[in-house]
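Colleague: My file is run.cif. It has mmCIF, C-alpha atoms and all ligand atoms:
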data_work
#
loop_
_atom_site.label_atom_id
_atom_site.label_comp_id
_atom_site.auth_asym_id
_atom_site.auth_seq_id
_atom_site.Cartn_x
_atom_site.Cartn_y
_atom_site.Cartn_z
CA MET R 1 60.99 -36.92 33.66
CA LEU R 2 58.87 -35.61 36.53
CA ILE R 3 60.60 -33.15 38.83
CA ASP R 4 58.96 -31.50 41.84
CA LEU R 5 61.18 -29.29 43.96
CA HIS R 6 58.74 -27.93 46.54
CA SER R 7 56.67 -29.96 49.01
CA HIS R 8 55.66 -30.15 52.68
CA THR R 9 55.21 -32.87 55.29
CA THR R 10 54.03 -33.09 58.90
CA ALA R 11 57.50 -31.81 59.86
CA SER R 12 55.87 -28.42 59.15
CA ASP R 13 52.35 -27.72 57.84
CA GLY R 14 51.95 -30.58 55.37
CA GLN R 15 49.33 -33.20 56.18
CA LEU R 16 51.17 -36.32 54.99
CA THR R 17 54.04 -37.81 56.97
CA PRO R 18 57.39 -37.89 55.15
CA SER R 19 56.80 -41.59 54.55
CA GLU R 20 53.33 -41.05 53.11
CA LEU R 21 54.63 -38.20 50.97
CA VAL R 22 57.37 -40.21 49.25
CA ASN R 23 54.96 -43.09 48.67
CA ARG R 24 52.52 -40.73 47.02
CA ALA R 25 55.28 -39.20 44.89
CA GLU R 26 56.37 -42.69 43.79
CA ASN R 27 52.79 -43.60 42.86
CA ARG R 28 52.51 -40.41 40.86
CA GLN R 29 55.73 -41.35 39.06
CA VAL R 30 57.72 -38.41 40.27
CA ASN R 31 61.41 -39.05 39.57
CA ILE R 32 62.99 -36.29 41.60
CA LEU R 33 61.28 -34.84 44.69
CA ALA R 34 62.50 -32.15 47.06
CA ILE R 35 61.00 -31.97 50.54
CA THR R 36 61.10 -28.33 51.60
CA ASP R 37 59.42 -27.89 54.97
CA HIS R 38 59.06 -24.46 56.57
CA ASP R 39 62.26 -23.69 58.50
CA THR R 40 63.01 -27.33 59.30
CA VAL R 41 64.79 -30.36 57.86
CA ASP R 42 63.24 -32.83 60.31
CA GLY R 43 61.25 -34.78 57.71
CA LEU R 44 64.23 -35.74 55.56
CA ILE R 45 65.57 -38.75 57.44
CA GLU R 46 62.23 -40.55 57.60
CA ALA R 47 61.64 -39.85 53.90
CA GLN R 48 65.02 -41.25 52.86
CA ASN R 49 64.62 -44.27 55.14
CA THR R 50 61.29 -45.11 53.53
CA ILE R 51 62.79 -44.79 50.05
CA ASP R 52 65.65 -47.11 51.03
CA GLU R 53 63.58 -49.67 52.90
CA LYS R 54 60.92 -49.95 50.21
CA GLY R 55 63.37 -49.66 47.31
CA LEU R 56 61.46 -46.75 45.76
CA LYS R 57 62.75 -45.43 42.43
CA LEU R 58 62.24 -41.86 43.54
CA SER R 59 65.29 -39.66 44.24
CA LEU R 60 64.99 -37.35 47.22
CA ILE R 61 66.50 -33.88 47.16
CA LYS R 62 67.11 -32.51 50.62
CA GLY R 63 65.49 -29.12 50.97
CA ILE R 64 64.03 -26.44 53.21
CA GLU R 65 61.80 -23.38 52.78
CA VAL R 66 63.09 -20.47 54.83
CA THR R 67 60.73 -17.63 55.76
CA THR R 68 62.45 -14.26 55.47
CA ASN R 69 61.73 -10.59 55.93
CA TRP R 70 62.16 -8.26 53.02
CA LEU R 71 61.03 -4.70 53.73
CA ASN R 72 57.42 -5.10 54.75
CA HIS R 73 56.97 -8.55 53.20
CA GLU R 74 57.42 -12.20 54.11
CA ILE R 75 59.41 -13.77 51.29
CA HIS R 76 60.04 -17.53 51.11
CA VAL R 77 63.42 -18.86 50.02
CA VAL R 78 63.64 -22.53 49.08
CA GLY R 79 67.01 -24.25 49.50
CA VAL R 80 67.73 -27.50 47.65
CA ASN R 81 70.64 -29.96 47.79
CA ILE R 82 71.47 -28.83 51.29
CA ASP R 83 73.48 -30.70 53.88
CA PRO R 84 70.93 -30.73 56.72
CA ASN R 85 73.68 -31.13 59.31
CA ASN R 86 75.63 -28.04 58.28
CA VAL R 87 76.41 -25.93 61.35
CA GLN R 88 75.42 -22.54 59.89
CA LEU R 89 72.17 -23.92 58.52
CA GLN R 90 71.43 -25.57 61.87
CA ALA R 91 72.02 -22.22 63.60
CA LEU R 92 69.57 -20.50 61.28
CA ILE R 93 67.01 -23.24 61.85
CA ALA R 94 67.36 -22.90 65.63
CA LEU R 95 66.85 -19.14 65.37
CA GLN R 96 63.74 -19.49 63.20
CA LYS R 97 62.33 -22.13 65.53
CA GLU R 98 62.56 -19.71 68.44
CA LYS R 99 60.91 -16.99 66.37
CA ARG R 100 58.11 -19.36 65.35
CA GLU R 101 57.51 -20.42 68.93
CA SER R 102 57.41 -16.90 70.39
CA ARG R 103 55.22 -15.65 67.55
CA ALA R 104 52.81 -18.55 68.11
CA ILE R 105 52.54 -17.76 71.82
CA GLU R 106 51.87 -14.10 71.04
CA MET R 107 49.24 -15.08 68.44
CA GLY R 108 47.51 -17.15 71.12
CA ARG R 109 47.63 -14.21 73.52
CA ARG R 110 46.07 -11.84 71.02
CA LEU R 111 43.32 -14.27 70.09
CA ALA R 112 42.59 -14.89 73.78
CA LYS R 113 42.18 -11.15 74.30
CA ALA R 114 39.54 -11.31 71.59
CA LYS R 115 37.83 -14.06 73.63
CA ILE R 116 39.02 -16.92 71.44
CA GLU R 117 40.72 -19.09 74.05
CA GLY R 118 43.14 -21.97 73.89
CA VAL R 119 44.21 -21.51 70.29
CA TYR R 120 47.96 -21.70 70.91
CA GLU R 121 47.52 -25.00 72.73
CA GLY R 122 45.25 -26.31 69.97
CA ALA R 123 47.60 -25.31 67.18
CA LYS R 124 50.58 -26.67 69.10
CA ALA R 125 48.85 -30.04 69.46
CA LEU R 126 48.28 -30.15 65.69
CA ALA R 127 51.89 -29.19 64.99
CA GLY R 128 53.24 -31.85 67.37
CA ASP R 129 57.02 -31.87 67.17
CA GLY R 130 56.92 -30.06 63.83
CA ALA R 131 57.50 -26.38 63.03
CA ILE R 132 54.40 -24.47 64.15
CA THR R 133 52.84 -22.32 61.40
CA ARG R 134 49.79 -20.19 60.85
CA ALA R 135 48.34 -23.13 58.93
CA HIS R 136 48.09 -25.02 62.25
CA PHE R 137 46.23 -22.09 63.80
CA ALA R 138 43.93 -22.03 60.79
CA ARG R 139 43.17 -25.74 60.99
CA TYR R 140 42.44 -25.54 64.69
CA LEU R 141 40.15 -22.51 64.26
CA VAL R 142 38.23 -24.29 61.50
CA GLU R 143 37.92 -27.43 63.66
CA GLN R 144 36.53 -25.26 66.46
CA GLY R 145 33.98 -23.73 64.11
CA VAL R 146 35.34 -20.23 64.59
CA ALA R 147 35.28 -19.81 60.81
CA PRO R 148 34.02 -22.14 58.08
CA THR R 149 37.08 -22.44 55.84
CA PHE R 150 40.84 -22.16 55.89
CA GLN R 151 40.71 -19.13 53.63
CA LYS R 152 38.12 -17.37 55.81
CA VAL R 153 40.21 -17.89 58.95
CA PHE R 154 43.18 -16.32 57.24
CA ASP R 155 41.09 -13.42 55.95
CA LYS R 156 39.43 -12.78 59.29
CA TYR R 157 42.04 -13.68 61.92
CA LEU R 158 45.49 -14.49 60.62
CA SER R 159 46.39 -12.10 57.80
CA ARG R 160 48.10 -8.78 58.27
CA GLY R 161 45.94 -6.34 60.21
CA ASN R 162 43.77 -9.03 61.84
CA THR R 163 43.40 -9.98 65.52
CA GLY R 164 45.71 -12.98 65.46
CA TYR R 165 48.37 -11.48 63.25
CA VAL R 166 51.75 -10.80 64.80
CA PRO R 167 54.24 -8.75 62.77
CA HIS R 168 57.05 -10.95 61.67
CA ASN R 169 60.67 -10.85 62.59
CA TRP R 170 62.35 -13.51 60.45
CA VAL R 171 65.93 -13.66 59.18
CA ASP R 172 66.56 -11.57 56.06
CA ILE R 173 66.90 -12.87 52.51
CA GLU R 174 70.67 -12.63 52.50
CA GLU R 175 71.05 -14.59 55.74
CA ALA R 176 68.88 -17.35 54.29
CA ILE R 177 70.85 -17.48 51.05
CA VAL R 178 74.19 -17.50 52.87
CA ALA R 179 73.12 -20.38 55.14
CA ILE R 180 71.79 -22.37 52.17
CA HIS R 181 75.06 -21.83 50.30
CA LYS R 182 77.17 -22.75 53.34
CA ALA R 183 75.18 -25.98 53.44
CA GLY R 184 76.15 -26.62 49.82
CA GLY R 185 72.72 -25.85 48.37
CA GLN R 186 71.10 -23.57 45.83
CA ALA R 187 68.70 -20.78 46.82
CA ILE R 188 65.40 -20.39 44.98
CA LEU R 189 62.98 -17.48 45.29
CA ALA R 190 59.68 -19.26 46.01
CA HIS R 191 56.37 -18.46 44.27
CA PRO R 192 57.21 -14.83 43.32
CA ASN R 193 53.63 -14.06 42.34
CA HIS R 194 52.16 -14.99 45.73
CA TYR R 195 53.31 -11.89 47.52
CA ASN R 196 50.83 -9.39 46.09
CA LEU R 197 53.62 -7.24 44.72
CA SER R 198 53.19 -4.83 41.83
CA ASN R 199 55.47 -5.47 38.85
CA LYS R 200 57.68 -2.64 39.98
CA TRP R 201 58.19 -4.22 43.42
CA MET R 202 58.54 -7.66 41.89
CA ARG R 203 61.42 -6.33 39.79
CA ARG R 204 63.00 -4.83 42.86
CA LEU R 205 62.72 -8.22 44.60
CA PHE R 206 64.35 -10.06 41.67
CA THR R 207 67.17 -7.52 41.59
CA GLU R 208 67.84 -7.75 45.32
CA PHE R 209 67.48 -11.54 45.41
CA LYS R 210 70.05 -11.83 42.64
CA GLU R 211 72.37 -9.32 44.33
CA ALA R 212 72.13 -11.28 47.57
CA GLY R 213 73.48 -14.32 45.71
CA GLY R 214 70.22 -16.11 44.84
CA ASP R 215 70.49 -18.85 42.21
CA ALA R 216 67.02 -19.43 40.87
CA MET R 217 63.33 -18.57 41.05
CA GLU R 218 60.22 -20.67 40.79
CA VAL R 219 58.67 -20.39 37.38
CA ALA R 220 56.32 -23.36 37.20
CA MET R 221 53.78 -24.14 39.89
CA GLY R 222 50.92 -26.58 39.56
CA GLN R 223 48.03 -24.17 39.51
CA GLN R 224 48.95 -21.28 37.31
CA SER R 225 47.87 -19.64 34.09
CA PRO R 226 50.11 -20.06 31.02
CA GLN R 227 50.52 -16.27 30.94
CA VAL R 228 51.87 -16.10 34.49
CA ARG R 229 54.23 -18.99 33.83
CA LEU R 230 55.56 -17.34 30.70
CA GLN R 231 55.97 -13.98 32.44
CA LEU R 232 57.95 -15.64 35.25
CA ALA R 233 60.11 -17.44 32.69
CA MET R 234 60.87 -14.13 30.98
CA TRP R 235 61.78 -12.53 34.28
CA SER R 236 64.02 -15.45 35.19
CA GLU R 237 65.92 -14.87 31.98
CA GLU R 238 66.03 -11.09 32.41
CA TYR R 239 67.37 -11.31 35.96
CA ASP R 240 69.75 -14.17 35.21
CA LEU R 241 68.11 -16.55 37.66
CA LEU R 242 67.75 -20.24 36.80
CA ALA R 243 64.21 -21.60 36.64
CA SER R 244 62.71 -24.03 39.15
CA GLN R 245 59.38 -25.79 39.49
CA GLY R 246 57.39 -27.24 42.35
CA SER R 247 53.87 -28.07 43.44
CA ASP R 248 54.13 -26.64 46.99
CA PHE R 249 52.08 -29.69 47.93
CA HIS R 250 50.57 -29.58 51.45
CA PHE R 251 47.67 -32.06 51.38
CA VAL R 252 45.58 -34.20 49.09
CA GLY R 253 43.01 -31.96 47.49
CA ARG R 254 41.28 -31.35 44.24
CA TRP R 255 43.72 -29.08 42.48
CA ARG R 256 47.26 -29.52 43.62
CA ASP R 257 49.29 -32.70 43.56
CA LEU R 258 52.87 -33.88 43.53
CA GLY R 259 54.41 -33.49 40.09
CA LYS R 260 51.16 -32.24 38.62
CA ALA R 261 51.29 -29.86 35.64
CA LEU R 262 54.93 -28.99 36.17
CA HIS R 263 56.97 -28.08 33.13
CA LEU R 264 59.01 -25.06 32.17
CA PRO R 265 58.51 -22.87 29.10
CA LYS R 266 61.15 -23.64 26.47
CA MET R 267 63.08 -20.41 26.99
CA ALA R 268 63.65 -21.06 30.71
CA LYS R 269 66.98 -22.44 31.94
CA PRO R 270 66.29 -25.30 34.34
CA LEU R 271 68.10 -25.31 37.66
CA TRP R 272 68.83 -29.03 37.55
CA LEU R 273 70.63 -29.57 34.22
CA ASP R 274 74.02 -30.15 35.84
CA TRP R 275 72.80 -32.12 38.87
CA PRO R 276 74.45 -35.57 38.95
CA ILE R 277 71.12 -37.26 39.70
CA TYR R 278 69.45 -35.58 36.72
CA LYS R 279 72.32 -36.51 34.40
CA LYS R 280 72.23 -40.09 35.61
CA LEU R 281 68.49 -40.41 35.06
CA THR R 282 68.55 -38.84 31.58
CA GLU R 283 71.46 -41.04 30.50
CA ALA R 284 69.55 -44.08 31.68
CA GLU R 285 66.52 -42.91 29.66
CA GLU R 286 68.59 -42.56 26.50
CA VAL R 287 69.95 -46.11 26.62
P1 LIG R 301 53.65 -19.11 58.52
O1 LIG R 301 54.93 -19.43 57.80
O2 LIG R 301 53.61 -19.66 59.90
O3 LIG R 301 53.29 -17.66 58.46
O4 LIG R 301 52.50 -19.91 57.80
C1 LIG R 301 52.30 -19.74 56.47
C2 LIG R 301 51.59 -20.96 55.90
O5 LIG R 301 50.19 -20.81 56.05
C3 LIG R 301 51.83 -21.01 54.41
O6 LIG R 301 52.94 -21.81 54.12
C4 LIG R 301 50.58 -21.62 53.88
O7 LIG R 301 50.65 -23.02 53.98
C5 LIG R 301 49.53 -21.11 54.83
N1 LIG R 301 48.89 -19.86 54.37
C6 LIG R 301 49.38 -18.63 54.44
N2 LIG R 301 48.51 -17.72 53.98
C7 LIG R 301 47.43 -18.41 53.59
C8 LIG R 301 46.18 -18.05 53.03
N3 LIG R 301 45.85 -16.79 52.77
N4 LIG R 301 45.34 -19.03 52.77
C9 LIG R 301 45.65 -20.31 53.04
N5 LIG R 301 46.79 -20.71 53.56
C10 LIG R 301 47.68 -19.78 53.84
MN MN R 302 52.80 -23.93 54.21
MN MN R 303 55.88 -20.66 50.62
MN MN R 304 55.87 -24.06 50.50
#
Rewrite the coordinates I just gave you, this time as structure tokens.
Modeller:
Amino acid sequence: MLIDLHSHTTASDGQLTPSELVNRAENRQVNILAITDHDTVDGLIEAQNTIDEKGLKLSLIKGIEVTTNWLNHEIHVVGVNIDPNNVQLQALIALQKEKRESRAIEMGRRLAKAKIEGVYEGAKALAGDGAITRAHFARYLVEQGVAPTFQKVFDKYLSRGNTGYVPHNWVDIEEAIVAIHKAGGQAILAHPNHYNLSNKWMRRLFTEFKEAGGDAMEVAMGQQSPQVRLQLAMWSEEYDLLASQGSDFHFVGRWRDLGKALHLPKMAKPLWLDWPIYKKLTEAEEV
């Protein structure tokens, strides 16, 4: 059974449309896929429509990835099995959309001051109707030849302390978890080892995430050493958080892909064991 609970589409900074994404997941024999765009649920309807129209075997889990503030850090909280129409969740999405838009305008202003003009407009054009992210700024700056690679643009212009960086002002972890729960979903701490936290701070994050009502944390990601995966599994057990897995797929590249190299260490307690869709699929397998 292939389960991937973290992926992006053109509704935020992914490069495949929701339709293309579910087709790719089907071809890669993913059984259960969550679409979790940054602060938006706009890709979900198209994805489900494609699955229905084409009769794909894939089951779609409705998700979102909410950007939050925790102390001085930006922490991502994935919600799965959400009702995208829930009023509280919609209110949070509207708030984050405003924050994204005003941050993007300010990023453009700061870059223009540094004589790099028109970047907000360029990034906005790439984002289209989708949630505008720093990834759109990065793509535009690479296209313009301002820096040679995505990574270099982030290092030089978009990371903390650089010209185009605007201090963030997102909702906090608890607000994200509450909205996800109100919408009937489960809240997952995304990629805990991507925040450059020391073990001591990581432990503080797990403690506070759990206290705020969090349900699970990501343990398995596609590109990851066995040691890191095992360490995350041990922490998930220690902090009584269920274990999740996801590729965080954004585009077709050499290393990352939907459903690729995703499996949990034996000791980990999977988030999905009591999901009706999971039970149905495993029962069908046993027959
Ligand atoms: P935002 O939520 O607007 O701050 O944008 C964050 C997105 O930019 C992430 O979801 C990644 O897709 C991408 N990103 C952030 N930092 C980096 C980085 N250092 N290198 C490459 N991509 C990054
Ligand atoms: Mn992203
Ligand atoms: Mn993330
Ligand atoms: Mn993500």
Colleague: Quick one: residues within 7 Å of stretch 16-21 of chain R, all atoms listed in the file, excluding same-chain residues fewer than 3 positions away - as a VMD selection string?
Modeller: chain R and resid 9 to 10 24 to 25 43 46 to 47 50 251
Colleague: Of the residues R:Tyr140, R:Tyr278, R:Phe154, R:Trp201, which is the one nearest to R:His73, using all atoms listed in the file?
Modeller: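 Using all atoms listed in the file, the shortest distance to R:His73 belongs to R:Trp201.
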Colleague: Which residues sit within 8 Å of ligand MN 304 (chain R), counting all atoms listed in the file, listed as a ChimeraX atom specification?
Modeller: /R:6-8,36-38,65,76,190,248-250
Colleague: For stretch 56-58 of chain R, find every residue with an atom within 7 Å (counting only C-alpha atoms), except residues of its own chain fewer than 6 positions away, and show them as an MDAnalysis selection string.
Modeller: chainID R and resid 26 30:32
Colleague: For each of R:Glu175, R:Ser247, R:Arg229, R:Asp155, take the minimum atom-to-atom distance to ligand MN 302 (chain R), counting all atoms listed in the file, then give the residue where this is smallest.
Modeller: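 Under the stated criterion, the closest residue is R:Ser247.
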Colleague: Taking all atoms listed in the file into account, report as a PyMOL selection string which residues have an atom no farther than 6 Å from an atom of ligand LIG 301 (chain R).
Modeller: chain R and resi 133-135+150-151+154
Colleague: Which residues come within 9 Å of R:Ile82, counting all atoms listed in the file, excluding same-chain residues fewer than 4 positions away, as a VMD selection string?
Modeller: chain R and resid 61 to 64 86 89 180 to 186
Colleague: I'd like the contact shell of stretch 216-222 of chain R - 10 Å cut-off, all atoms listed in the file, skipping same-chain residues fewer than 6 positions apart - returned as a ChimeraX atom specification.
Modeller: /R:4-6,77-79,186-193,206,209-210,228-236,239-249,255-265,268-271
Colleague: Which one of R:Leu158, R:Ala11, R:Ile173, R:Leu205 sits closest to R:Ile132 if you count only C-alpha atoms?
Modeller: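 Closest candidate: R:Ala11.
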Colleague: So what do you get for atom CA of R:Leu281 versus atom CA of R:Asn85, distance-wise?
Modeller: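 Here the two named atoms are 26.5 Å from each other.
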Colleague: Quick one: of R:Asn169, R:Ser12, R:Thr67, R:Thr149, who's nearest to ligand MN 303 (chain R), counting only C-alpha atoms and all ligand atoms?
Modeller: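 Counting only C-alpha atoms and all ligand atoms, the residue closest to ligand MN 303 (chain R) is R:Thr67.
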Colleague: For a quick check of understanding, using all atoms listed in the file, which of R:Ile75, R:Met202, R:Leu126, R:Val178 has the smallest distance to ligand MN 303 (chain R)?
Modeller: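 Smallest separation from ligand MN 303 (chain R) among the options: R:Ile75.
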